[in-house]
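Taking it in order: structure first as structure tokens, then the write-up.
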Amino acid sequence: MDYQFKDIEQKWQQFWAQNQTFKAQDKSSKPKYYVLDMFPYPSGAGLHVGHPLGYIASDIFARYKRLKGFNVLHPMGYDSFGLPAEQYAIQTGQHPALTTEANIATYRRQLDQIGFSFDWSREVRTSSPDYYKWTQWIFMQLFNSWYNKAADKAESIDTLVKHFEQHGSAGINAVSDEEVLTFSADEWKAKSNIVQQNELLKYRLTYLRESTVNWCPALGTVLANDEVKDGFSERGGYPVEQKKMMQWSMRITAYAERLLQGLDKIDWPEPLKEMQRNWIGKSTGASVKFPIESQESKVKSQDYIEVFTTRVDTIFGVTFLVIAPEHELVAELTTPAQKTEIDAYIVQTKKKSELDRMADAKTVSGAFTGSYVINPLNNERVPIYIADYVLAGYGTGAVMAVPSGDQRDFLFAKHFNLPIVPILDTQNIVDEADSTKEGKYINSAFVNGLDYKEATAAIVAKLEELKLGKAKINFRMRDAIFGRQRYWGEPVPVYFKDGLPHLISEDHLPLLLPEIDKYLPTESGEPPLGRAEGWVYQGAPSKSPPVGETSLSHEAGSYRETADPVYYEQLKDFSRDNRNQPTQTEDILWQLLRKEQTGYKIRRQHAIDQYIADFVSLEKGLIIELDGHHHKLNKEADDARTETLNHFGFEVIRFTNDEVLQSPQGVFETIKEKLDALPERDKTHFTGDQKVSPTGGDLEGAGYAYELSTMPGWAGSSWYWYRYMDANNDKEFASKEAIEYWKDVDLYIGGSEHATGHLLYSRFWNKFMKDLNLVVEEEPFKKLINQGMIQGRSNFVYKIGYAISYPPVYGNDVEDEIISEKRYNELDKIGPQILISKKWYNEYLNNEGYKEFLYNFLKEELSKNIQLKSSNSSMYDGAFIDENILKVLPTHVDVNIVENDILDIKKLRSSRKDYQNAILILEDGSISSPTGGGREGAYICGVEVEKMSKSKFNVVNPDDLIARYGADTLRMYEMFLGPLEQSKPWNTNGIEGVFKFLRKFWRLFHNDAWEFKVSDAEPTKAELKSLHKIIRKVEEDVERFSFNTSVSSFMIAINELTDLKCNNRQILQDLVIVLSSYAPHICEELWTLLGNEAGTLSYAPYPKFNPAFLVEDEFAYPISINGKTKMNLNISLSLEPKDIEAYVLANADVQRYLDGKQPKKVIVVKGRIVNMVV
RNA sequence: GCUCAGAUGGUGGAACUGGUAGACACGCAGGACUUAAAAUCCUGUUCCCGUUAAAGGAGUGCGGGUUCGAUUCCCGCUCUGAGUACCA
């Protein structure tokens, strides 16, 4: 029978599924090998031909490793939480779980028909509760951990608490928030639980903190840095803005150094590592404090400005300091004389969006504050400027400017006429800064004459001695925002009590995603989970209550002396800050309330217990609070706060900012009425002997609000490779034995788009899990390969766009308007489309005469083919075509109706209505019209390489190709296309060659009548040579992931064996094994035809290469003269170079080439070449 | 701007440690089979000059270097792609 790929492929796919042929063994004496593809998101669009590229490569590798005797783990699953399903749900109201399910089914069907050897018994889905239970569990471990810098690893938060209890905060070297408290052991123990928990939150590896986030209003969620590209969201391309929000974050910065170091130990593509290095952004330098020049009467909150620099050696070249406009000291540093200028500049920068700021990079702008710092090493006065080229978010938000060494500083200095002092004798600073490190220092006091290394060391030493600086390492990487204000993600296993986050009990995992009515934020702007009814935590908070969970106010004697004196002191500091920087609404209200305008003394930003009240009347016990509109999770905190304040004898009234802005007077009246109505404050509560629970009861029966945001897309994919090791375990995320056996991923294949997202977060979680001894390897992916992108190859037709203008109607020239592009396109629909072939398009571009031809042609065709009439027909009477508006537009045409750039005109006509009556000028100049019959010439389309996408009509679907050629052909063709890592355009043209090859292979096993027939004779030498060449070639190629070259070699081998008329069983059987990882279906079929047991091919031993079969006794030496090959000579390989030389020189043809001359030198490389120098 | 990767026929690409550049495949041209088409098979196919077959010459983005010999190594440049960006 001829090669029937359809039947064969279906048969074997079924067989593999039924027999679980590719199930990996949990326990095995074989060595393990773990081949993984990057977790796919099952999108609704289905696969295009570019998607399976990496899967085919990894599958070939996995199959090859099985043949080589490895126990191979090759799983597949779905990263099934994510934005697209949710966006779709918002539009259609369909539950994302349903659409996701449907998408997975499509995805699976498409994967199955390509014949992958996945172990489907281990399939995972991040959106399944069995799976996200463990994502939540890992989140809990992160919450319960801190990073101990001394041990350089994460540890349980218990060890931190123990340390605090025994030694206080002294001796702790941790990665934490910047502002942490300092306290003794006794002070710690004296703190209320709330204060303690608040403090611990600053150390936890996942924490809640008010931070500046990338807010995307269109998606209604925050995004991580890697999800933002050039100020727009990566998914959807919506604008992103900066916003302060209470957010869950992951303290990935704790691992910055280890993430960087680890890169040196893994076999990844260099560009990928480079991207991670850039993202981590380590820079070694020094921090230097520049004392602020004292000014009479002005009290500063700080008497120095700290800068970070990587070139501390240039400190003698500092001629000014630049701080970011957002720098906290700007207000204090601005002198009255400079205030207008500075304010104007700040307003100007605020107006600029991120994008403007980037685009504006070239223009110099800034403003002088009027203040000076002192250069600590030469005591010179250094003016302080603000400028937006200094970023508040990097380093300290301040730079020491060295115009001689830094181009931005140089431009700034030129612009503001600031001095430029050279500091190295080799510097050339006439036109631009020179950042050289060569030469000896000048103008640099005690380092004059030293070189770069010496000077740097000397300066750092000096600064350290002065206690004004030290060597420092800075990282660009920020902590990763972990919450998303979206529905379709893992719920965060956290509830809120006293405004503080608490973990739910492990017994209550998984915390299931609740059902909601609409997948939209609530009216009050809470995330979608705010819609879930009754979604509150009822259980016990944890098995062992958090340390120190006692009454918060057992020491409270008065509102000033709260439970925690240290904390209270800090609050007073914050209050002072707040008073200095009132918000707009606070300021409006304060102007009305101050100076007893209500009849009572009002204080603003006043610390009470652990809170700061916006406004308070101590006399009447009334607290006035201003709120932005807020989040449900803040409400829990607000309620707790109100309750506590009530307890201290205060009544709380709240206004929103909007209320104040709209009617300040009304707000004032309400407050006044309230004050008048209130009695004197009851102070009896301040005895402190009462046990107070701020939430009004014990946990039993109480409902605590859950966290309303969900986890980001990368949560589930940051550990999934461990789940595959033990996918069905319901006791642990994976068993210890499984992890110890499989350890890590040996080969990971996927796209480079995950470089700074998934691959960085995964390494982070892996290191964390290693620290907790949950896993055994420091790095999860030993070897990684980026498959290149498959680009689309678009085809174009060249459409004549024409417009019709009208003469003045009724003496009115209104109609003679300039026709806009849009109108022009509308008009071009009134007649038939006219398309010109590629040659004529080039003619149109380069030849004025042809334009005229087209114009005349068009006029004639139009008068012939259409009547210029419509409902108001007079409009078209006498209409004329405007030559100036005639244009030829390259227009995408569906690549599926084009073959070898030749358009299928019939298919074109039936594809779209507006092409039905099209007139085509063909390559040979003849014309194809709908009425004209007979044979037609060719219409040649234009070609361009672009992204593969529906809108460009260049999507090639693997389903179609499999239907035409089969999966084996598709697999081999995708590999044949070129090196795996390289991006390349898809062109279906070559696929025939691969198909022919498989048929030729099939035919080796069959006689002319297509009957299966092999011979049992002893193989010939030539046959064995062909076989062993390919055995070795495939081994070499697969090991170095050069799949394209082995496909070529297969073709060569089959061509050779066909020429040898080989149908030898021994040869063919080994060949089947060698080819089976590339084209598994056809090989399985032939394997059983050869009489082997079905299903045994996948685990057959790979044939052993025997070099003896390749040994030649002769070699056709290329004979070259001065490096140019002239001829070949067959010479026995047993001859030594000397004899070869003699043999070659004796040859008559060689003598002819030498033309009687004696060669100066003869180079003979045995088995390679003979070269003569004349 | 910086970093990285790359540039070989009409096309995808091969040449692995410096040793016959263009393997393999597509496309194209010619031929066989056929009434015809499809399929299949055979031959040719880097460019230039040229021929009866020849014989020459040039040639791996450009310019130089090292070498008996360079697509491969070194230096400088051009272009393309990717990443990143006032990162101090």
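Letters A, B, ... go to the chains of the structure tokens in the order shown; residues in each chain start at 1; ligands are counted from 1 in the same order.
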Notebook entry, point to check: Can you tell me, as a count of residues only, what residues are no more than 7 Å from Pro493 (chain A) when counting only C-alpha atoms (C1' of nucleotides), ignoring any on the same chain fewer than 3 positions away?
Noted result: 4
Check: So which residues of region 387-602 of chain A fall under alpha helix (DSSP H) by DSSP, listed as a VMD selection string?
Finding: chain A and resid 407 to 416 452 to 466 565 to 580 584 to 593
Next item on the list: Dump as a ChimeraX atom specification the residues of chain B that approach chain A to within 12 Å, counting only C-alpha atoms (C1' of nucleotides).
Entry: /B:1-6,11-16,19-21,23-28,39-40,67-70,81-88
Note to self: Quick one: residues within 9 Å of region 57-65 of chain B, only C-alpha atoms (C1' of nucleotides), excluding same-chain residues fewer than 6 positions away - as a PyMOL selection string?
What the structure shows: chain B and resi 7-8+21+46-49+71+74-79
Would you put the residues from that selection into a file with N, CA and C atoms (P, O5', C5', C4', C3', O3' and C1' of nucleotides), as a CSV table (one decimal), in the first residue's frame?
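See out-v1.csv below for the written result:
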```csv
chain,number,residue,atom,x,y,z
B,7,A,P,25.2,35.1,9.7
B,7,A,O5',24.7,36.2,8.7
B,7,A,C5',23.4,36.0,8.0
B,7,A,C4',23.2,37.2,7.1
B,7,A,C3',24.2,37.2,5.9
B,7,A,O3',23.4,37.6,4.7
B,7,A,C1',24.4,39.2,7.1
B,8,U,P,22.8,36.5,3.8
B,8,U,O5',24.1,35.6,3.4
B,8,U,C5',25.1,36.2,2.6
B,8,U,C4',25.9,35.1,1.9
B,8,U,C3',25.1,34.3,0.9
B,8,U,O3',25.1,34.9,-0.4
B,8,U,C1',26.3,32.9,2.3
B,21,A,P,36.9,25.4,-2.4
B,21,A,O5',35.5,25.9,-1.7
B,21,A,C5',34.3,25.7,-2.4
B,21,A,C4',33.2,25.6,-1.4
B,21,A,C3',31.8,25.4,-1.9
B,21,A,O3',31.6,24.0,-2.1
B,21,A,C1',31.8,27.2,-0.4
B,46,U,P,24.9,26.4,-10.1
B,46,U,O5',25.1,27.8,-9.3
B,46,U,C5',24.0,28.4,-8.6
B,46,U,C4',24.3,29.8,-8.2
B,46,U,C3',24.7,30.6,-9.4
B,46,U,O3',23.6,31.2,-10.1
B,46,U,C1',26.3,30.9,-7.6
B,47,C,P,23.7,31.4,-11.6
B,47,C,O5',24.6,32.7,-11.7
B,47,C,C5',24.2,34.0,-11.2
B,47,C,C4',25.3,35.0,-11.3
B,47,C,C3',25.9,35.2,-12.6
B,47,C,O3',25.2,36.1,-13.4
B,47,C,C1',27.6,34.9,-11.0
B,48,C,P,25.2,35.9,-15.0
B,48,C,O5',26.7,36.4,-15.4
B,48,C,C5',27.1,37.7,-15.1
B,48,C,C4',28.5,37.9,-15.5
B,48,C,C3',29.0,37.4,-16.9
B,48,C,O3',28.6,38.4,-17.9
B,48,C,C1',30.6,36.7,-15.3
B,49,C,P,28.2,37.8,-19.3
B,49,C,O5',29.6,37.3,-19.9
B,49,C,C5',30.6,38.3,-20.2
B,49,C,C4',31.9,37.5,-20.6
B,49,C,C3',31.7,36.5,-21.7
B,49,C,O3',31.7,37.1,-23.0
B,49,C,C1',33.0,35.5,-20.0
B,71,U,P,36.8,32.3,2.6
B,71,U,O5',35.3,32.4,3.3
B,71,U,C5',34.7,33.6,3.6
B,71,U,C4',33.6,33.5,4.6
B,71,U,C3',34.1,33.2,6.0
B,71,U,O3',34.4,34.4,6.7
B,71,U,C1',32.3,31.8,5.5
B,74,C,P,37.9,36.7,16.5
B,74,C,O5',39.1,37.6,16.2
B,74,C,C5',40.2,37.8,17.1
B,74,C,C4',41.1,38.8,16.5
B,74,C,C3',40.5,40.1,16.2
B,74,C,O3',40.3,40.9,17.4
B,74,C,C1',41.8,39.5,14.4
B,75,C,P,39.1,42.0,17.5
B,75,C,O5',39.6,43.2,16.5
B,75,C,C5',40.7,44.0,16.9
B,75,C,C4',41.0,45.0,15.8
B,75,C,C3',39.8,45.8,15.4
B,75,C,O3',39.6,46.9,16.3
B,75,C,C1',41.0,45.1,13.5
B,76,G,P,38.0,47.4,16.5
B,76,G,O5',37.8,48.2,15.2
B,76,G,C5',38.4,49.4,14.9
B,76,G,C4',38.1,49.9,13.5
B,76,G,C3',36.6,50.0,13.2
B,76,G,O3',36.1,51.2,13.7
B,76,G,C1',37.7,48.9,11.4
B,77,C,P,34.5,51.2,14.0
B,77,C,O5',33.8,51.2,12.6
B,77,C,C5',33.8,52.3,11.7
B,77,C,C4',33.3,52.0,10.3
B,77,C,C3',31.8,51.7,10.2
B,77,C,O3',31.0,52.8,10.2
B,77,C,C1',33.0,50.0,9.0
B,78,U,P,29.5,52.8,10.7
B,78,U,O5',28.8,52.0,9.5
B,78,U,C5',28.7,52.6,8.2
B,78,U,C4',28.0,51.7,7.2
B,78,U,C3',26.6,51.2,7.7
B,78,U,O3',25.6,52.2,7.4
B,78,U,C1',27.9,49.4,6.9
B,79,C,P,24.4,52.3,8.5
B,79,C,O5',23.5,51.0,8.1
B,79,C,C5',22.9,50.9,6.8
B,79,C,C4',22.5,49.5,6.6
B,79,C,C3',21.5,48.9,7.6
B,79,C,O3',20.1,49.3,7.3
B,79,C,C1',23.2,47.3,7.2
```
Next item on the list: Extract, using only C-alpha atoms (C1' of nucleotides), all DNA, RNA and protein residues at most 12 Å from Ala256 (chain A), discarding same-chain residues fewer than 4 positions from it, and format them as an MDAnalysis selection string.
Entry: chainID A and resid 147 149 152:153 175 251:252 260:263 276:283 473:480 760:761 763:764 767
Note to self: Taking 3 positions as the minimum chain separation for residues in the same chain, which residues sit within 6 Å of Leu922 (chain A) when counting only C-alpha atoms (C1' of nucleotides)? Answer as an NGL selection string.
What the structure shows: :A and (837 or 925-927 or 938-939)
Notebook entry, point to check: region 412-424 of chain A: which residues within 10 Å, counting only C-alpha atoms (C1' of nucleotides), same-chain residues fewer than 4 positions away excluded, as a ChimeraX atom specification?
Noted result: /A:313-320,322,363-368,383,387,389,401-408,428-429,432-444,448-452
